[in-house]
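Q: Supplied in structure tokens, the structure appears directly below.
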Amino acid sequence: MSNTIVIGAQWGDEGKGKIVDLLTDRADVVVRAQGGNNAGHTVINDGHQYILHLIPSGILWPEKLCVIGNGVVMDPVAILKEIDGLVEDGIEISPKNLSISDRAHLVMPFHREMDAFKEANRAVKIGTTKRGIGPAYGDKIDRIGFRLHELVSGSASFVERLHSRIEECNRLFETVGMAPIDATAAEEELLAAGRRLAPYCADTVAILHREMKAGRMLLFEGAQGTFLDVDQGTYPYVTSSNTTSGGACTGSGVPPHRIDRVVGVTKAYTTRVGEGPFPTQDDALADRFHGMGREFGATTGRKRRCGWLDLVLVRYAAMVNGFTELAITILDGLDDCAEIPICSHYELDGKKLTLPPASIHDLQRVVPVYESLPGWQCDLSQVKRWEDLPPQAHAYLARIETETETPVAMVGVGPSREQTIVR
Ligand code: GDP
């Protein structure tokens, strides 16, 4: 019996979806504890590709319970669309296998508009997905947010507060010529969504503790990645939640001492979507991946920036998350490389840095120091066992283990569930 958190060790898109899907086999409950529908997981199941935004990927397993915890911000209309899409694809979804925290904050129509308004007015663009996630978390911290239990109640005080907040936002939007939000239409749409979501709305803290008491295993599906964490990431080019392992506890009501394993997921190289510093970025590598049709965002379709594996980042991620093991994904992405550069540390103003600096200006200036490892130059996609990996791949993985002081437990050699080598 072990409760496990899966966390991205980079800037998201590490392939967590597939690792979560694999670990779900042994889990009873799959939990999302932070983020919103700005995240996108790709899971390939029985040859069908599913892209999940808010709903835990455990939903593809009919007998598992999926929980959306209090730390998530949820767009009521978007989640219903996601549910409907999955149901159309033949996935069974009901309150029996999906519970949503009554304490989860809502992403409202004015939050989406506020995202556009703020990004347009920001001197430094942080590249948000404009789904209202940041403004919804902002309102939560500002203590003016709306939670699911209020929407579901459909109370007069909820409606009154909604209208007054929309009026307030409309006054702001007017100043820059943005179209106002129709408060009556928003109210109708939201209340209708609330009625449909009511059966799913529950005290998920009580549910999770009940499940643990019954000896069931929890699997936490981290969204985004460590360097998008609002505290530990490359601030301000971050998301608005704690994407690191601590966020799984605060976002679910499960205490830290109940966590047994923390699996860090990292690609065998590095990618990043949107703005922000990226020391090992390599445009030739990006061109190669894009030419092969790889590395386009699952949610946004945007081209991901690509670079070599940055062990300074993975080392830091291992520290702050307490990784008990690493899952290295897309090792097959490096199949045709003759030499593979790997960044072990940075240099900044003549000093050696083994951990990332706080200042993004410094992170932009660091010089990554590479070691070059020989490539395996063969197709890994059919390799099933650890011992059948070529010696060069073993050497590459061993280097990662030494530098991060974390054992590699899983290796991805292709997008499907079967293409994962468990050591
Ligand atoms: P997530 O948000 O961390 O789940 O990552 P994404 O789903 O956005 O991105 C991972 C992408 O890589 C998806 O298209 C996966 O199907 C794919 N993928 C995951 N693991 C592997 C792997 O080991 N090899 C290959 N070639 N693709 C993989």
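Identifiers in this document derive from the order of the structure tokens: chains are assigned A, B, ..., residues are numbered from 1 separately in each chain, and ligands are numbered from 1 in order of occurrence.
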Can you work out which residues are within 7 Å of ligand 1, considering only C-alpha atoms and all ligand atoms, and then hand them over as a PyMOL selection string?
A: chain A and resi 8+12-18+39-44+223-224+297-298+329-333+411-416+419-420
Q: Would you please extract all alpha helix (DSSP H) residues from segment 22-268 of chain A, as assigned by DSSP on the backbone, and give them as a ChimeraX atom specification?
A: /A:22-24,76-88,109-121,133-142,148-153,156-174,183-197,204-213,245-250
Q: Between atom CA of Lys384 of chain A and atom CA of Thr404 of chain A, what is the spacing in Å?
A: 24.8 Å
Q: Write out as a PDB file with N, CA and C atoms, in the first residue's frame each polymer residue whose atoms come within 12 Å of His394 of chain A, counting only C-alpha atoms; drop sequence neighbours fewer than 5 positions from it.
A:
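Once everything was written out, this is selection_18.pdb:
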```pdb
ATOM      1  N   ILE A 328      11.989   8.609 -16.669  1.00  0.00           N
ATOM      2  CA  ILE A 328      12.571   9.353 -17.802  1.00  0.00           C
ATOM      3  C   ILE A 328      11.737   9.019 -19.037  1.00  0.00           C
ATOM      4  N   LEU A 331      12.905   8.741 -24.100  1.00  0.00           N
ATOM      5  CA  LEU A 331      14.318   8.424 -24.335  1.00  0.00           C
ATOM      6  C   LEU A 331      14.496   8.146 -25.829  1.00  0.00           C
ATOM      7  N   LEU A 373      27.781  12.822 -24.033  1.00  0.00           N
ATOM      8  CA  LEU A 373      27.748  11.362 -23.885  1.00  0.00           C
ATOM      9  C   LEU A 373      27.476  10.718 -25.247  1.00  0.00           C
ATOM     10  N   PRO A 374      28.050   9.552 -25.495  1.00  0.00           N
ATOM     11  CA  PRO A 374      27.808   8.908 -26.793  1.00  0.00           C
ATOM     12  C   PRO A 374      26.348   8.454 -26.937  1.00  0.00           C
ATOM     13  N   GLY A 375      25.780   8.647 -28.119  1.00  0.00           N
ATOM     14  CA  GLY A 375      24.398   8.209 -28.372  1.00  0.00           C
ATOM     15  C   GLY A 375      24.361   6.722 -28.682  1.00  0.00           C
ATOM     16  N   TRP A 376      23.148   6.145 -28.693  1.00  0.00           N
ATOM     17  CA  TRP A 376      23.014   4.698 -28.960  1.00  0.00           C
ATOM     18  C   TRP A 376      22.698   4.438 -30.430  1.00  0.00           C
ATOM     19  N   ARG A 385      12.689  -4.505 -21.876  1.00  0.00           N
ATOM     20  CA  ARG A 385      13.314  -4.752 -20.572  1.00  0.00           C
ATOM     21  C   ARG A 385      14.514  -3.855 -20.361  1.00  0.00           C
ATOM     22  N   TRP A 386      14.714  -3.472 -19.131  1.00  0.00           N
ATOM     23  CA  TRP A 386      15.819  -2.601 -18.727  1.00  0.00           C
ATOM     24  C   TRP A 386      17.145  -3.148 -19.245  1.00  0.00           C
ATOM     25  N   GLU A 387      17.360  -4.467 -19.044  1.00  0.00           N
ATOM     26  CA  GLU A 387      18.664  -5.043 -19.415  1.00  0.00           C
ATOM     27  C   GLU A 387      18.879  -5.068 -20.925  1.00  0.00           C
ATOM     28  N   ASP A 388      17.803  -4.857 -21.713  1.00  0.00           N
ATOM     29  CA  ASP A 388      17.968  -4.853 -23.171  1.00  0.00           C
ATOM     30  C   ASP A 388      18.260  -3.456 -23.736  1.00  0.00           C
ATOM     31  N   LEU A 389      18.292  -2.460 -22.871  1.00  0.00           N
ATOM     32  CA  LEU A 389      18.658  -1.117 -23.354  1.00  0.00           C
ATOM     33  C   LEU A 389      20.145  -1.140 -23.723  1.00  0.00           C
ATOM     34  N   ARG A 399      24.118   8.601 -15.503  1.00  0.00           N
ATOM     35  CA  ARG A 399      24.611   9.970 -15.295  1.00  0.00           C
ATOM     36  C   ARG A 399      23.514  10.813 -14.609  1.00  0.00           C
ATOM     37  N   ILE A 400      22.286  10.616 -15.052  1.00  0.00           N
ATOM     38  CA  ILE A 400      21.153  11.352 -14.479  1.00  0.00           C
ATOM     39  C   ILE A 400      20.978  10.957 -13.000  1.00  0.00           C
ATOM     40  N   GLU A 401      21.094   9.686 -12.726  1.00  0.00           N
ATOM     41  CA  GLU A 401      20.937   9.205 -11.339  1.00  0.00           C
ATOM     42  C   GLU A 401      21.996   9.805 -10.435  1.00  0.00           C
ATOM     43  N   VAL A 408      16.526   5.932 -11.175  1.00  0.00           N
ATOM     44  CA  VAL A 408      15.587   5.903 -12.310  1.00  0.00           C
ATOM     45  C   VAL A 408      14.793   4.595 -12.214  1.00  0.00           C
ATOM     46  N   VAL A 411      11.383   4.085 -17.659  1.00  0.00           N
ATOM     47  CA  VAL A 411      11.917   4.742 -18.857  1.00  0.00           C
ATOM     48  C   VAL A 411      10.890   4.615 -19.983  1.00  0.00           C
ATOM     49  N   ARG A 423      11.855  -0.778 -14.264  1.00  0.00           N
ATOM     50  CA  ARG A 423      13.109  -1.415 -13.883  1.00  0.00           C
ATOM     51  C   ARG A 423      12.876  -2.554 -12.881  1.00  0.00           C
TER      52      ARG A 423
END
```
Q: When DSSP works through the backbone of this structure, what residues of segment 96-310 of chain A end up as strand (DSSP E), shown as a PyMOL selection string?
A: chain A and resi 98-101+105-106+201-202+218-221+261-267+270-272+305-307+309-310
Q: Any idea what the distance is between atom CA of Met212 of chain A and atom CA of Ala327 of chain A?
A: 25.4 Å
Q: Could you pull the residues within 12 Å of Asp260 of chain A, counting only C-alpha atoms, minus those fewer than 4 positions along the same chain, as a list of chain:residue names?
A: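 Selected residues are A:Met1, A:Ser2, A:Asn3, A:Thr4, A:Ile5, A:Val6, A:Met217, A:Leu218, A:Leu219, A:Phe220, A:Ser245, A:Val254, A:Pro255, A:Pro256, A:Gly322, A:Phe323, A:Thr324, A:Glu325.
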Q: Quick one: residues within 12 Å of Gly222 of chain A, only C-alpha atoms counted, chain neighbours fewer than 3 positions away excluded, as number ranges by chain?
A: A: 4-17, 19-20, 30-36, 39-41, 53-57, 68-69, 71-72, 219, 225-226, 228-229, 241-249, 251-252, 262-265, 321
